[in-house]
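Participant: Dropping in query-v7.pdb, which is PDB, C-alpha atoms:
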```pdb
MODEL        1
ATOM      1  CA  MET V 285    -212.983  24.584 168.133
ATOM      2  CA  ARG V 286    -214.218  21.019 167.591
ATOM      3  CA  ASP V 287    -211.043  19.418 168.967
ATOM      4  CA  GLN V 288    -211.109  21.791 171.949
ATOM      5  CA  ASP V 289    -214.771  20.974 172.574
ATOM      6  CA  GLU V 290    -214.023  17.255 172.539
ATOM      7  CA  THR V 291    -211.002  17.675 174.823
ATOM      8  CA  PHE V 292    -212.973  19.573 177.444
ATOM      9  CA  MET V 293    -216.002  17.279 177.145
ATOM     10  CA  ARG V 294    -213.727  14.332 177.834
ATOM     11  CA  GLU V 295    -212.541  16.141 180.953
ATOM     12  CA  ALA V 296    -216.180  16.609 182.019
ATOM     13  CA  LEU V 297    -216.715  12.885 181.461
ATOM     14  CA  ASP V 298    -213.682  12.218 183.684
ATOM     15  CA  MET V 299    -215.270  14.400 186.385
ATOM     16  CA  ALA V 300    -218.429  12.266 186.170
ATOM     17  CA  ARG V 301    -216.359   9.071 186.453
ATOM     18  CA  GLN V 302    -214.631  10.456 189.523
ATOM     19  CA  GLY V 303    -217.961  11.254 191.147
ATOM     20  CA  ILE V 304    -219.297   7.770 190.415
ATOM     21  CA  GLU V 305    -216.165   6.137 191.866
ATOM     22  CA  LEU V 306    -216.434   8.262 195.012
ATOM     23  CA  GLY V 307    -220.164   7.553 195.351
ATOM     24  CA  HIS V 308    -220.886  11.270 195.601
ATOM     25  CA  GLY V 309    -224.015  11.349 193.457
ATOM     26  CA  GLY V 310    -225.320  10.902 189.945
ATOM     27  CA  PRO V 311    -223.200  10.322 186.820
ATOM     28  CA  PHE V 312    -222.668  13.963 185.927
ATOM     29  CA  GLY V 313    -219.556  16.074 185.397
ATOM     30  CA  ALA V 314    -218.857  19.604 184.209
ATOM     31  CA  VAL V 315    -215.944  21.810 183.215
ATOM     32  CA  LEU V 316    -215.964  25.580 182.703
ATOM     33  CA  VAL V 317    -213.436  27.031 180.284
ATOM     34  CA  ARG V 318    -212.514  30.571 179.347
ATOM     35  CA  GLN V 319    -209.885  31.515 176.773
ATOM     36  CA  GLY V 320    -208.855  27.875 176.489
ATOM     37  CA  ARG V 321    -208.166  27.521 180.227
ATOM     38  CA  VAL V 322    -210.180  25.507 182.738
ATOM     39  CA  ILE V 323    -211.559  27.859 185.396
ATOM     40  CA  GLY V 324    -213.908  25.445 187.159
ATOM     41  CA  ARG V 325    -214.603  21.731 187.470
ATOM     42  CA  GLY V 326    -217.283  19.755 189.204
ATOM     43  CA  TRP V 327    -219.090  16.478 189.551
ATOM     44  CA  ASN V 328    -222.429  15.702 191.124
ATOM     45  CA  GLN V 329    -222.065  15.729 194.921
ATOM     46  CA  VAL V 330    -225.726  15.757 195.956
ATOM     47  CA  ILE V 331    -225.387  12.639 198.130
ATOM     48  CA  HIS V 332    -221.926  13.421 199.484
ATOM     49  CA  LEU V 333    -222.826  16.961 200.580
ATOM     50  CA  ASN V 334    -226.513  16.329 201.362
ATOM     51  CA  ASP V 335    -227.180  19.284 199.085
ATOM     52  CA  PRO V 336    -229.786  19.094 196.306
ATOM     53  CA  THR V 337    -228.046  22.006 194.548
ATOM     54  CA  ALA V 338    -224.630  20.294 194.372
ATOM     55  CA  HIS V 339    -225.026  19.382 190.700
ATOM     56  CA  ALA V 340    -221.892  19.157 188.570
ATOM     57  CA  GLU V 341    -222.636  22.400 186.730
ATOM     58  CA  MET V 342    -223.296  24.280 189.971
ATOM     59  CA  GLN V 343    -220.043  22.985 191.453
ATOM     60  CA  ALA V 344    -218.104  24.064 188.351
ATOM     61  CA  ILE V 345    -219.746  27.504 188.330
ATOM     62  CA  ARG V 346    -218.998  27.997 192.037
ATOM     63  CA  GLU V 347    -215.363  27.018 191.571
ATOM     64  CA  ALA V 348    -214.971  29.266 188.521
ATOM     65  CA  CYS V 349    -216.452  32.227 190.383
ATOM     66  CA  ARG V 350    -214.075  31.637 193.301
ATOM     67  CA  THR V 351    -211.130  31.236 190.915
ATOM     68  CA  LEU V 352    -211.873  34.504 189.126
ATOM     69  CA  ALA V 353    -213.292  36.327 192.166
ATOM     70  CA  ASP V 354    -216.277  37.306 190.036
ATOM     71  CA  TYR V 355    -219.944  36.340 189.818
ATOM     72  CA  HIS V 356    -220.065  36.825 186.049
ATOM     73  CA  LEU V 357    -218.302  34.488 183.645
ATOM     74  CA  PRO V 358    -218.577  36.197 180.240
ATOM     75  CA  GLY V 359    -216.794  34.358 177.471
ATOM     76  CA  ALA V 360    -216.936  31.079 179.393
ATOM     77  CA  VAL V 361    -217.990  27.762 177.898
ATOM     78  CA  LEU V 362    -219.734  25.184 180.076
ATOM     79  CA  TYR V 363    -219.046  21.571 179.130
ATOM     80  CA  THR V 364    -221.401  19.163 180.837
ATOM     81  CA  THR V 365    -222.035  15.469 180.480
ATOM     82  CA  CYS V 366    -225.801  15.964 180.298
ATOM     83  CA  GLU V 367    -228.217  18.636 179.167
ATOM     84  CA  PRO V 368    -228.563  20.868 182.256
ATOM     85  CA  CYS V 369    -231.569  20.764 184.546
ATOM     86  CA  PRO V 370    -233.612  23.982 184.967
ATOM     87  CA  MET V 371    -231.587  25.039 188.035
ATOM     88  CA  CYS V 372    -228.222  24.598 186.335
ATOM     89  CA  LEU V 373    -229.351  26.214 183.112
ATOM     90  CA  SER V 374    -230.670  29.195 185.080
ATOM     91  CA  ALA V 375    -227.349  29.471 186.938
ATOM     92  CA  ALA V 376    -225.530  29.485 183.590
ATOM     93  CA  TYR V 377    -227.662  32.424 182.497
ATOM     94  CA  TRP V 378    -227.131  34.256 185.807
ATOM     95  CA  ALA V 379    -223.369  33.726 185.412
ATOM     96  CA  HIS V 380    -223.479  35.114 181.847
ATOM     97  CA  ILE V 381    -221.909  31.969 180.410
ATOM     98  CA  GLN V 382    -221.450  32.411 176.656
ATOM     99  CA  ARG V 383    -221.839  28.870 175.371
ATOM    100  CA  LEU V 384    -223.011  25.455 176.507
ATOM    101  CA  VAL V 385    -221.814  22.085 175.200
ATOM    102  CA  TYR V 386    -223.478  18.915 176.496
ATOM    103  CA  ALA V 387    -223.270  15.173 175.840
ATOM    104  CA  ALA V 388    -226.371  13.205 176.927
ATOM    105  CA  GLU V 389    -229.880  14.600 176.551
ATOM    106  CA  ALA V 390    -232.381  15.209 179.356
ATOM    107  CA  GLY V 391    -234.333  12.188 178.129
ATOM    108  CA  ASP V 392    -231.260   9.997 178.579
ATOM    109  CA  ALA V 393    -231.024  11.099 182.212
ATOM    110  CA  ALA V 394    -234.756  10.563 182.702
ATOM    111  CA  ALA V 395    -234.346   6.986 181.490
ATOM    112  CA  ILE V 396    -232.111   6.252 184.509
ATOM    113  CA  GLY V 397    -234.245   8.125 187.047
ATOM    114  CA  PHE V 398    -233.120  11.762 186.728
ATOM    115  CA  SER V 399    -236.208  13.403 185.265
ATOM    116  CA  ASP V 400    -236.713  17.157 185.113
ATOM    117  CA  ARG V 401    -240.105  16.768 183.444
ATOM    118  CA  GLU V 402    -242.156  17.434 186.596
ATOM    119  CA  ILE V 403    -240.079  20.498 187.438
ATOM    120  CA  MET V 404    -240.537  21.869 183.930
ATOM    121  CA  LEU V 405    -244.302  21.307 184.163
ATOM    122  CA  GLU V 406    -244.393  22.961 187.595
ATOM    123  CA  LEU V 407    -242.582  26.049 186.306
ATOM    124  CA  ASP V 408    -245.226  26.464 183.598
ATOM    125  CA  ARG V 409    -248.077  26.447 186.139
ATOM    126  CA  PRO V 410    -249.314  29.573 187.942
ATOM    127  CA  SER V 411    -247.841  29.647 191.462
ATOM    128  CA  ALA V 412    -251.229  28.909 193.066
ATOM    129  CA  GLU V 413    -251.438  25.647 191.099
ATOM    130  CA  ARG V 414    -247.989  24.260 191.924
ATOM    131  CA  SER V 415    -247.401  21.228 194.127
ATOM    132  CA  ILE V 416    -245.431  23.329 196.627
ATOM    133  CA  ALA V 417    -247.862  25.463 198.616
ATOM    134  CA  VAL V 418    -247.280  29.156 197.970
ATOM    135  CA  LYS V 419    -248.332  32.109 200.119
ATOM    136  CA  GLN V 420    -247.474  35.760 199.586
ATOM    137  CA  LEU V 421    -246.901  37.774 202.755
ATOM    138  CA  LEU V 422    -245.489  41.199 203.765
ATOM    139  CA  ARG V 423    -245.014  42.459 200.204
ATOM    140  CA  ASP V 424    -244.894  46.116 201.285
ATOM    141  CA  ASP V 425    -242.079  45.350 203.722
ATOM    142  CA  SER V 426    -240.151  43.614 200.983
ATOM    143  CA  LEU V 427    -240.767  46.482 198.550
ATOM    144  CA  ALA V 428    -239.372  48.890 201.170
ATOM    145  CA  LEU V 429    -236.152  46.846 201.093
ATOM    146  CA  PHE V 430    -236.169  46.999 197.297
ATOM    147  CA  ALA V 431    -236.401  50.797 197.501
ATOM    148  CA  ARG V 432    -233.559  50.848 200.039
ATOM    149  CA  TRP V 433    -231.416  48.733 197.688
ATOM    150  CA  GLU V 434    -232.168  51.052 194.771
ATOM    151  CA  LYS V 435    -230.822  54.027 196.758
ATOM    152  CA  SER V 436    -227.915  52.223 198.410
ATOM    153  CA  ASP V 437    -224.356  53.391 197.752
ATOM    154  CA  LYS V 438    -223.383  49.701 198.125
ATOM    155  CA  ARG V 439    -225.622  48.663 195.223
ATOM    156  CA  ILE V 440    -223.951  46.706 192.451
ATOM    157  CA  ASP V 441    -226.175  45.648 189.603
ATOM    158  CA  TYR V 442    -225.790  42.093 188.465
TER     159      TYR V 442
ENDMDL
END
```
Let me see whether you can do it: turn the structure in this file into structure tokens.

Facilitator:
Amino acid sequence: MRDQDETFMREALDMARQGIELGHGGPFGAVLVRQGRVIGRGWNQVIHLNDPTAHAEMQAIREACRTLADYHLPGAVLYTTCEPCPMCLSAAYWAHIQRLVYAAEAGDAAAIGFSDREIMLELDRPSAERSIAVKQLLRDDSLALFARWEKSDKRIDY
């Protein structure tokens, strides 16, 4: 397992190098592996795509889901060059990724300007106290859609 982990982490590092050389975004790369086979790769493309969600892990998860035609990735291992941000970590949970292997720590990324600290603090605050203004509206209408989904013959739980 250790040799395999190192092999795939080196591939994630290569993804990060590629992104840096292309000028696509920050120095981050990721590889998703299942049963010893790469199912998704990605590097940070935030700048290139003008997309704040185009992190390396998100790109790798998207590619893996397209490759397997599935939104769940049980048994998959995510190799990433840095400890994932809250968004990427949440996506890993939503995708049912089994294991995570990372190289640099969040503090290492913060030292070069990629800090998740404020986001983490925001998530711990009640919604009314967050820096993004929050307003709840039309809850009953939304709950009616929830009820419709619950009864739908097209419903697939995920």

Participant: Determine the residue set returned by the PyMOL selection byres ((chain V and resi 328) around 7) for the present structure, and present it as a list in words.

Facilitator: Gly303, His308, Gly309, Gly310, Pro311, Phe312, Gly313, Gly326, Trp327, Gln329, Val330, Ala338, His339 and Ala340 of chain V

Participant: Would you save the residues of that selection, restricted to C-alpha atoms, as a short mmCIF file (atom, residue, chain, number, x, y, z; two decimals), in the coordinates of the input?

Facilitator:
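Saved file part-v1.cif follows:
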```cif
data_model
loop_
_atom_site.label_atom_id
_atom_site.label_comp_id
_atom_site.auth_asym_id
_atom_site.auth_seq_id
_atom_site.Cartn_x
_atom_site.Cartn_y
_atom_site.Cartn_z
CA GLY V 303 -217.96 11.25 191.15
CA HIS V 308 -220.89 11.27 195.60
CA GLY V 309 -224.02 11.35 193.46
CA GLY V 310 -225.32 10.90 189.94
CA PRO V 311 -223.20 10.32 186.82
CA PHE V 312 -222.67 13.96 185.93
CA GLY V 313 -219.56 16.07 185.40
CA GLY V 326 -217.28 19.76 189.20
CA TRP V 327 -219.09 16.48 189.55
CA GLN V 329 -222.06 15.73 194.92
CA VAL V 330 -225.73 15.76 195.96
CA ALA V 338 -224.63 20.29 194.37
CA HIS V 339 -225.03 19.38 190.70
CA ALA V 340 -221.89 19.16 188.57
#
```

Participant: Would you mind telling me which residue in V:Arg346, V:Arg383, V:His332, V:Arg301 lies nearest to Asp289 of chain V when using all atoms listed in the file?

Facilitator: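 Checking each of V:Arg346, V:Arg383, V:His332, V:Arg301 against Asp289 of chain V, counting all atoms listed in the file, the winner is V:Arg383.
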
Participant: Find the residues around Val361 of chain V up to 8 Å (only C-alpha atoms counted), leave out those fewer than 5 positions away in its own chain, and share them as a PDB file with C-alpha atoms, keeping the file's coordinate frame.

Facilitator:
```pdb
ATOM      1  CA  LEU V 316    -215.964  25.580 182.703  1.00  0.00           C
ATOM      2  CA  VAL V 317    -213.436  27.031 180.284  1.00  0.00           C
ATOM      3  CA  ARG V 318    -212.514  30.571 179.347  1.00  0.00           C
ATOM      4  CA  ILE V 381    -221.909  31.969 180.410  1.00  0.00           C
ATOM      5  CA  GLN V 382    -221.450  32.411 176.656  1.00  0.00           C
ATOM      6  CA  ARG V 383    -221.839  28.870 175.371  1.00  0.00           C
ATOM      7  CA  LEU V 384    -223.011  25.455 176.507  1.00  0.00           C
ATOM      8  CA  VAL V 385    -221.814  22.085 175.200  1.00  0.00           C
TER       9      VAL V 385
END
```

Participant: Quick one: pull the distance between atom CA of Ile304 of chain V and atom CA of Trp378 of chain V, Å, one decimal.

Facilitator: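 That distance, rounded to one decimal, is 28.0 Å.
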
Participant: Enclose the full set of atoms of segment 391-405 of chain V listed in the file within a box whose edges lie along x, y and z, apply 3 Å of padding to each of the six sides, and report centre and edge lengths in Å to one decimal as AutoDock Vina command-line options.

Facilitator:
```
--center_x -237.7 --center_y 14.1 --center_z 182.8 --size_x 19.3 --size_y 21.6 --size_z 15.3
```

Participant: Enter the distance from atom CA of Glu290 of chain V to atom CA of Gly359 of chain V, in Å, rounded to one decimal.

Facilitator: 18.0 Å

Participant: Just the number, please: distance in Å from atom CA of Ala379 of chain V to atom CA of Gln302 of chain V, one decimal.

Facilitator: 25.2 Å

Participant: Pick from V:Ala348, V:Leu362, V:Ile323, V:Ala412: nearest to Ala296 of chain V, with only C-alpha atoms counted?

Facilitator: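 Of V:Ala348, V:Leu362, V:Ile323, V:Ala412, the one nearest Ala296 of chain V, counting only C-alpha atoms, is V:Leu362.
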
Participant: Taking all atoms listed in the file into account, which of V:Pro368, V:Gln319, V:Arg325, V:Leu333 comes nearest Gly307 of chain V?

Facilitator: V:Leu333

Participant: From the list V:Val322, V:Glu347, V:Met299, V:Ala387, which residue is nearest Ala360 of chain V when using all atoms listed in the file?

Facilitator: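 The shortest atom-to-atom distance to Ala360 of chain V comes from V:Val322.
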